[in-house]
file target20.pdb (PDB, C-alpha atoms)
ATOM      1  CA  MET A   1      46.031 410.379  41.334
ATOM      2  CA  THR A   2      43.886 408.506  38.845
ATOM      3  CA  SER A   3      41.043 406.195  39.760
ATOM      4  CA  SER A   4      41.741 402.512  40.307
ATOM      5  CA  VAL A   5      38.584 401.432  38.459
ATOM      6  CA  THR A   6      38.446 400.717  34.753
ATOM      7  CA  ALA A   7      36.512 402.602  32.096
ATOM      8  CA  GLU A   8      34.185 399.613  31.721
ATOM      9  CA  GLU A   9      33.369 399.727  35.427
ATOM     10  CA  ARG A  10      32.576 403.447  35.129
ATOM     11  CA  ALA A  11      30.083 402.776  32.330
ATOM     12  CA  PRO A  12      27.183 405.257  32.330
ATOM     13  CA  ALA A  13      24.150 404.177  34.285
ATOM     14  CA  THR A  14      20.779 403.562  32.682
ATOM     15  CA  ARG A  15      18.752 403.603  35.913
ATOM     16  CA  SER A  16      18.532 407.302  36.804
ATOM     17  CA  ALA A  17      20.543 410.370  37.684
ATOM     18  CA  ALA A  18      20.760 408.949  41.209
ATOM     19  CA  THR A  19      23.611 406.738  40.044
ATOM     20  CA  GLU A  20      25.779 409.777  39.233
ATOM     21  CA  HIS A  21      26.935 410.277  42.827
ATOM     22  CA  CYS A  22      30.599 410.986  42.400
ATOM     23  CA  VAL A  23      32.344 414.343  42.551
ATOM     24  CA  THR A  24      35.739 412.833  41.702
ATOM     25  CA  THR A  25      37.496 409.463  41.628
ATOM     26  CA  ALA A  26      40.804 411.095  42.626
ATOM     27  CA  ASP A  27      42.236 410.407  46.077
ATOM     28  CA  ARG A  28      40.997 413.685  47.543
ATOM     29  CA  SER A  29      39.262 414.640  50.801
ATOM     30  CA  VAL A  30      36.380 417.060  51.033
ATOM     31  CA  ARG A  31      35.848 419.009  54.245
ATOM     32  CA  MET A  32      32.798 417.645  56.072
ATOM     33  CA  PHE A  33      32.656 419.645  59.326
ATOM     34  CA  ARG A  34      33.351 423.239  60.356
ATOM     35  CA  GLN A  35      35.049 422.239  63.616
ATOM     36  CA  ASP A  36      38.670 421.228  63.068
ATOM     37  CA  TRP A  37      38.702 418.534  65.769
ATOM     38  CA  VAL A  38      35.545 416.874  64.423
ATOM     39  CA  GLU A  39      36.974 417.007  60.916
ATOM     40  CA  TRP A  40      40.194 415.379  62.190
ATOM     41  CA  CYS A  41      38.170 412.547  63.736
ATOM     42  CA  SER A  42      36.576 411.777  60.367
ATOM     43  CA  HIS A  43      39.918 410.674  58.877
ATOM     44  CA  VAL A  44      41.619 407.372  59.717
ATOM     45  CA  HIS A  45      44.548 405.333  58.424
ATOM     46  CA  PRO A  46      43.461 401.828  57.300
ATOM     47  CA  VAL A  47      45.788 400.128  59.797
ATOM     48  CA  VAL A  48      44.073 401.749  62.800
ATOM     49  CA  PRO A  49      41.115 399.309  63.067
ATOM     50  CA  HIS A  50      43.592 396.417  63.135
ATOM     51  CA  LEU A  51      45.642 398.016  65.911
ATOM     52  CA  ILE A  52      42.498 398.487  67.988
ATOM     53  CA  PHE A  53      40.558 395.291  67.386
ATOM     54  CA  TRP A  54      43.037 392.414  66.971
ATOM     55  CA  PRO A  55      43.990 392.728  70.669
ATOM     56  CA  VAL A  56      40.264 392.742  71.483
ATOM     57  CA  ILE A  57      39.806 389.528  69.484
ATOM     58  CA  ALA A  58      42.745 387.916  71.288
ATOM     59  CA  VAL A  59      41.323 388.816  74.707
ATOM     60  CA  LEU A  60      37.848 387.573  73.776
ATOM     61  CA  LEU A  61      39.169 384.197  72.646
ATOM     62  CA  ALA A  62      41.567 383.873  75.574
ATOM     63  CA  THR A  63      38.781 384.487  78.082
ATOM     64  CA  ALA A  64      36.088 382.443  76.314
ATOM     65  CA  ARG A  65      34.620 379.787  78.623
ATOM     66  CA  THR A  66      33.990 377.293  75.838
ATOM     67  CA  PRO A  67      36.067 374.361  74.513
ATOM     68  CA  ILE A  68      38.321 375.102  71.541
ATOM     69  CA  GLY A  69      36.067 373.273  69.070
ATOM     70  CA  VAL A  70      32.973 375.102  70.282
ATOM     71  CA  SER A  71      34.835 378.411  70.207
ATOM     72  CA  ALA A  72      35.847 377.743  66.589
ATOM     73  CA  LEU A  73      32.220 377.115  65.607
ATOM     74  CA  LEU A  74      31.092 380.237  67.463
ATOM     75  CA  LEU A  75      33.838 382.233  65.743
ATOM     76  CA  LEU A  76      32.573 381.040  62.364
ATOM     77  CA  GLY A  77      29.003 381.841  63.367
ATOM     78  CA  GLY A  78      29.974 385.368  64.359
ATOM     79  CA  LEU A  79      31.690 385.821  61.008
ATOM     80  CA  VAL A  80      28.498 384.783  59.196
ATOM     81  CA  VAL A  81      26.474 387.181  61.354
ATOM     82  CA  TRP A  82      28.840 389.984  60.323
ATOM     83  CA  THR A  83      28.198 389.348  56.608
ATOM     84  CA  LEU A  84      24.465 389.675  57.264
ATOM     85  CA  VAL A  85      24.871 392.876  59.295
ATOM     86  CA  GLU A  86      27.215 394.306  56.655
ATOM     87  CA  TYR A  87      24.623 393.733  53.938
ATOM     88  CA  PHE A  88      21.618 395.147  55.797
ATOM     89  CA  LEU A  89      23.462 398.163  57.211
ATOM     90  CA  HIS A  90      24.751 399.054  53.756
ATOM     91  CA  ARG A  91      21.412 398.552  52.040
ATOM     92  CA  TYR A  92      18.970 400.051  54.530
ATOM     93  CA  LEU A  93      20.965 402.483  56.698
ATOM     94  CA  PHE A  94      23.885 403.755  54.634
ATOM     95  CA  HIS A  95      21.829 404.506  51.527
ATOM     96  CA  ALA A  96      19.002 407.013  51.206
ATOM     97  CA  PRO A  97      16.088 407.741  48.865
ATOM     98  CA  ASP A  98      17.132 408.871  45.394
ATOM     99  CA  ALA A  99      15.976 412.452  45.988
ATOM    100  CA  VAL A 100      18.209 412.762  49.071
ATOM    101  CA  MET A 101      21.187 411.234  47.261
ATOM    102  CA  GLU A 102      20.698 413.488  44.234
ATOM    103  CA  GLU A 103      20.402 416.690  46.264
ATOM    104  CA  THR A 104      23.374 415.757  48.444
ATOM    105  CA  HIS A 105      25.424 415.154  45.318
ATOM    106  CA  ARG A 106      24.378 418.466  43.787
ATOM    107  CA  ILE A 107      25.301 420.420  46.927
ATOM    108  CA  SER A 108      28.590 418.592  47.474
ATOM    109  CA  ALA A 109      29.636 419.040  43.845
ATOM    110  CA  SER A 110      28.863 422.758  43.933
ATOM    111  CA  LEU A 111      31.076 423.596  46.925
ATOM    112  CA  PRO A 112      34.831 424.230  47.046
ATOM    113  CA  ILE A 113      36.603 421.169  48.429
ATOM    114  CA  ASP A 114      37.737 423.123  51.519
ATOM    115  CA  GLN A 115      34.229 424.317  52.436
ATOM    116  CA  ALA A 116      32.346 422.210  54.989
ATOM    117  CA  VAL A 117      29.517 420.289  53.321
ATOM    118  CA  ILE A 118      27.369 419.346  56.317
ATOM    119  CA  PRO A 119      26.307 422.911  57.263
ATOM    120  CA  GLU A 120      24.990 423.337  53.712
ATOM    121  CA  LEU A 121      22.766 420.252  53.750
ATOM    122  CA  PRO A 122      19.036 421.012  54.083
ATOM    123  CA  SER A 123      17.809 418.297  56.487
ATOM    124  CA  TRP A 124      18.891 415.765  59.099
ATOM    125  CA  ARG A 125      18.271 412.969  56.549
ATOM    126  CA  HIS A 126      20.819 414.494  54.183
ATOM    127  CA  VAL A 127      23.294 414.887  57.066
ATOM    128  CA  VAL A 128      22.879 411.289  58.282
ATOM    129  CA  TYR A 129      23.297 409.947  54.763
ATOM    130  CA  PHE A 130      26.362 412.076  54.045
ATOM    131  CA  ILE A 131      28.124 411.173  57.305
ATOM    132  CA  ALA A 132      27.272 407.479  57.154
ATOM    133  CA  HIS A 133      28.009 406.845  53.492
ATOM    134  CA  GLY A 134      27.359 409.759  51.157
ATOM    135  CA  VAL A 135      30.827 411.252  51.487
ATOM    136  CA  HIS A 136      32.258 407.918  50.347
ATOM    137  CA  HIS A 137      30.048 407.820  47.253
ATOM    138  CA  GLU A 138      31.020 411.386  46.403
ATOM    139  CA  TYR A 139      34.761 410.806  46.966
ATOM    140  CA  PRO A 140      35.111 407.003  46.613
ATOM    141  CA  SER A 141      38.924 406.969  46.399
ATOM    142  CA  ASP A 142      39.556 409.127  49.466
ATOM    143  CA  SER A 143      42.064 406.861  51.214
ATOM    144  CA  SER A 144      41.518 408.523  54.597
ATOM    145  CA  ARG A 145      37.808 407.679  54.678
ATOM    146  CA  LEU A 146      37.668 404.076  53.471
ATOM    147  CA  VAL A 147      37.570 402.458  56.917
ATOM    148  CA  MET A 148      35.383 403.320  59.882
ATOM    149  CA  PRO A 149      36.933 405.845  62.292
ATOM    150  CA  PRO A 150      37.339 404.758  65.937
ATOM    151  CA  SER A 151      34.891 407.469  66.995
ATOM    152  CA  ALA A 152      32.211 405.306  65.350
ATOM    153  CA  SER A 153      33.629 401.770  65.481
ATOM    154  CA  ILE A 154      34.343 401.677  69.232
ATOM    155  CA  PRO A 155      30.837 402.734  70.389
ATOM    156  CA  LEU A 156      29.329 400.341  67.836
ATOM    157  CA  ALA A 157      31.548 397.539  69.160
ATOM    158  CA  PHE A 158      30.155 398.061  72.673
ATOM    159  CA  LEU A 159      26.609 398.097  71.287
ATOM    160  CA  PHE A 160      27.019 394.899  69.293
ATOM    161  CA  TYR A 161      28.799 393.109  72.144
ATOM    162  CA  ALA A 162      25.842 393.949  74.400
ATOM    163  CA  LEU A 163      23.507 392.493  71.762
ATOM    164  CA  PHE A 164      25.609 389.320  71.562
ATOM    165  CA  ARG A 165      25.524 388.994  75.359
ATOM    166  CA  LEU A 166      21.766 389.479  75.324
ATOM    167  CA  THR A 167      21.071 386.967  72.560
ATOM    168  CA  ALA A 168      23.836 384.360  72.896
ATOM    169  CA  GLY A 169      24.457 384.611  76.634
ATOM    170  CA  ALA A 170      27.586 385.374  78.634
ATOM    171  CA  ARG A 171      29.130 381.939  77.962
ATOM    172  CA  TYR A 172      28.930 382.005  74.164
ATOM    173  CA  ALA A 173      29.111 385.727  73.404
ATOM    174  CA  PRO A 174      32.912 386.238  73.608
ATOM    175  CA  ALA A 175      33.930 383.737  70.917
ATOM    176  CA  MET A 176      30.980 384.624  68.701
ATOM    177  CA  PHE A 177      31.644 388.342  68.989
ATOM    178  CA  ALA A 178      35.320 387.680  68.199
ATOM    179  CA  GLY A 179      34.203 386.179  64.877
ATOM    180  CA  PHE A 180      31.962 389.167  64.276
ATOM    181  CA  VAL A 181      34.920 391.532  64.774
ATOM    182  CA  VAL A 182      37.117 389.398  62.486
ATOM    183  CA  GLY A 183      34.413 389.838  59.848
ATOM    184  CA  TYR A 184      34.452 393.588  60.382
ATOM    185  CA  LEU A 185      38.240 393.734  59.937
ATOM    186  CA  ILE A 186      37.986 391.661  56.755
ATOM    187  CA  TYR A 187      35.337 394.074  55.485
ATOM    188  CA  ASP A 188      37.439 397.163  56.233
ATOM    189  CA  THR A 189      40.508 395.602  54.602
ATOM    190  CA  VAL A 190      38.644 394.439  51.496
ATOM    191  CA  HIS A 191      36.941 397.819  51.153
ATOM    192  CA  TYR A 192      40.259 399.634  51.220
ATOM    193  CA  ALA A 193      41.829 397.131  48.816
ATOM    194  CA  VAL A 194      39.076 397.287  46.181
ATOM    195  CA  HIS A 195      39.469 401.064  46.035
ATOM    196  CA  HIS A 196      43.258 401.236  46.117
ATOM    197  CA  PRO A 197      45.902 398.474  45.966
ATOM    198  CA  GLY A 198      43.528 395.835  44.656
ATOM    199  CA  LEU A 199      43.355 392.115  45.404
ATOM    200  CA  PRO A 200      45.665 390.052  43.126
ATOM    201  CA  THR A 201      43.441 386.979  42.854
ATOM    202  CA  ALA A 202      40.452 386.004  40.728
ATOM    203  CA  TRP A 203      38.222 386.324  43.809
ATOM    204  CA  GLY A 204      39.676 389.750  44.576
ATOM    205  CA  ARG A 205      39.069 390.947  41.023
ATOM    206  CA  PHE A 206      35.492 389.664  41.280
ATOM    207  CA  LEU A 207      34.909 391.643  44.489
ATOM    208  CA  LYS A 208      36.506 394.733  42.941
ATOM    209  CA  ARG A 209      34.291 394.548  39.829
ATOM    210  CA  ARG A 210      31.157 394.122  41.938
ATOM    211  CA  HIS A 211      31.973 397.070  44.163
ATOM    212  CA  ALA A 212      32.824 399.262  41.177
ATOM    213  CA  ARG A 213      29.427 398.441  39.661
ATOM    214  CA  HIS A 214      27.789 399.430  42.952
ATOM    215  CA  HIS A 215      29.504 402.835  42.809
ATOM    216  CA  PHE A 216      29.392 403.646  39.111
ATOM    217  CA  VAL A 217      26.605 401.624  37.504
ATOM    218  CA  ASP A 218      23.811 400.737  39.946
ATOM    219  CA  PRO A 219      23.862 401.707  43.644
ATOM    220  CA  ASP A 220      20.855 399.442  44.235
ATOM    221  CA  SER A 221      22.909 396.274  43.735
ATOM    222  CA  ASP A 222      26.030 394.620  45.171
ATOM    223  CA  TYR A 223      25.677 395.827  48.750
ATOM    224  CA  GLY A 224      27.988 393.160  50.149
ATOM    225  CA  VAL A 225      31.626 394.272  50.079
ATOM    226  CA  SER A 226      33.445 391.341  51.663
ATOM    227  CA  SER A 227      31.045 388.658  50.412
ATOM    228  CA  PRO A 228      28.334 388.395  47.733
ATOM    229  CA  ILE A 229      26.335 385.759  49.642
ATOM    230  CA  TRP A 230      23.487 387.972  50.838
ATOM    231  CA  ASP A 231      23.244 389.809  47.505
ATOM    232  CA  TRP A 232      22.685 386.387  45.982
ATOM    233  CA  VAL A 233      20.091 385.423  48.622
ATOM    234  CA  MET A 234      18.270 388.790  48.447
ATOM    235  CA  GLY A 235      18.376 389.118  44.645
ATOM    236  CA  THR A 236      20.649 392.175  44.499
ATOM    237  CA  LEU A 237      23.667 390.469  42.944
ATOM    238  CA  SER A 238      24.422 392.211  39.637
ATOM    239  CA  ARG A 239      25.156 390.337  36.470
ATOM    240  CA  ARG A 240      28.057 391.470  34.313
ATOM    241  CA  THR A 241      26.773 392.353  30.856
ATOM    242  CA  ALA A 242      28.681 391.789  27.657
ATOM    243  CA  SER A 243      30.552 394.834  26.396
TER
END
call {"tool": "encode", "arguments": {"input": "target20.pdb", "output": "structure tokens"}}
result
Amino acid sequence: MTSSVTAEERAPATRSAATEHCVTTADRSVRMFRQDWVEWCSHVHPVVPHLIFWPVIAVLLATARTPIGVSALLLLGGLVVWTLVEYFLHRYLFHAPDAVMEETHRISASLPIDQAVIPELPSWRHVVYFIAHGVHHEYPSDSSRLVMPPSASIPLAFLFYALFRLTAGARYAPAMFAGFVVGYLIYDTVHYAVHHPGLPTAWGRFLKRRHARHHFVDPDSDYGVSSPIWDWVMGTLSRRTAS
């Protein structure tokens, strides 16, 4: 299968070799783990997050102890909080120093696709980067690894709900967390769409171009996938140059 990005979006980087973090743009899966059951858990169909979390959203809103208007505002607030979390997780947790990214790329590219990559990585920092995000940069069109697997998303959901309860209180947390989860589902859906079927609107094409530049031109820009707002605020929004 050929890549869904254009030749212009795969333009060679001028920053450093750290931008060359792609083994292939084909829809292929590399083996990450030696254990078969762990490897199985690292793959997920893009509909799975929706099957898990839309019922959660419905229950949260149905049990919210706030008036409908207040719940709507809290829902919107949670959605905004998600965009902020999405940006900072992607920028500061999912990415790694250039040296780690370069060495991870070199090791991953040198191995047969059916040989587990993680046992070959030299440090915990390489392993964390590869599990969290590196495998996606190496195989960006792998359709089975474009959304977060339940083995990660469910524990994180419990963690973030606890944080919402702690900060917003038991009365306001349910509706606000529902908005946060809606934001997560939008993110997962947009991320899958920009790598595969695409988004047939001007806004969708804009998001697709930005994300392609993040992968193939400059990984230090365009961290927001579902929204460019925090890239604009933080000064990491790329500017399309004339061809």
call {"tool": "closest_residue", "arguments": {"input": "target20.pdb", "among": "A:Leu76, A:Val70, A:Ala202, A:Val127", "to": "Met32 of chain A", "atoms": "only C-alpha atoms"}}
result
A:Val127
call {"tool": "residues_near_point", "arguments": {"input": "target20.pdb", "point": "(45.1, 410.2, 59.2)", "cutoff": "10 Å", "atoms": "all atoms listed in the file", "output": "number ranges by chain"}}
result
A: 40-46, 48, 143-145, 149
call {"tool": "closest_residue", "arguments": {"input": "target20.pdb", "among": "A:Val80, A:Ala116, A:Val181, A:Met176", "to": "Ser153 of chain A", "atoms": "all atoms listed in the file"}}
result
A:Val181
call {"tool": "residues_around", "arguments": {"input": "target20.pdb", "residues": "His211 of chain A", "least_positions_apart": "5", "cutoff": "8 Å", "atoms": "only C-alpha atoms", "output": "PyMOL selection string"}}
result
chain A and resi 194+222-223+225
call {"tool": "resolve_selection", "arguments": {"input": "target20.pdb", "expression": "the PyMOL selection byres ((chain A and resi 161) around 12)", "output": "ChimeraX atom specification"}}
result
/A:56-57,60,78,153-160,162-170,172-181
call {"tool": "atom_distance", "arguments": {"input": "target20.pdb", "atom1": "atom CA of Val23 of chain A", "atom2": "atom CA of Val190 of chain A"}}
result
22.7 Å
call {"tool": "residues_near_point", "arguments": {"input": "target20.pdb", "point": "(24.2, 400.1, 54.1)", "cutoff": "10 Å", "atoms": "all atoms listed in the file", "output": "list in words"}}
result
Val85, Glu86, Tyr87, Phe88, Leu89, His90, Arg91, Tyr92, Leu93, Phe94, His95, Ala96, Tyr129, Ala132, His133, Tyr223 and Gly224 of chain A
call {"tool": "resolve_selection", "arguments": {"input": "target20.pdb", "expression": "the PyMOL selection byres ((chain A and resi 49) around 8)", "output": "CSV table (one decimal) with C-alpha atoms, keeping the file's coordinate frame"}}
result
chain,number,residue,atom,x,y,z
A,46,PRO,CA,43.5,401.8,57.3
A,47,VAL,CA,45.8,400.1,59.8
A,48,VAL,CA,44.1,401.7,62.8
A,50,HIS,CA,43.6,396.4,63.1
A,51,LEU,CA,45.6,398.0,65.9
A,52,ILE,CA,42.5,398.5,68.0
A,53,PHE,CA,40.6,395.3,67.4
A,147,VAL,CA,37.6,402.5,56.9
A,148,MET,CA,35.4,403.3,59.9
A,149,PRO,CA,36.9,405.8,62.3
A,150,PRO,CA,37.3,404.8,65.9
A,185,LEU,CA,38.2,393.7,59.9
call {"tool": "closest_residue", "arguments": {"input": "target20.pdb", "among": "A:Pro55, A:Pro140, A:Pro119, A:Pro197", "to": "Asp27 of chain A", "atoms": "only C-alpha atoms"}}
result
A:Pro140
call {"tool": "atom_distance", "arguments": {"input": "target20.pdb", "atom1": "atom CA of Ser226 of chain A", "atom2": "atom CA of Ala58 of chain A"}}
result
22.0 Å
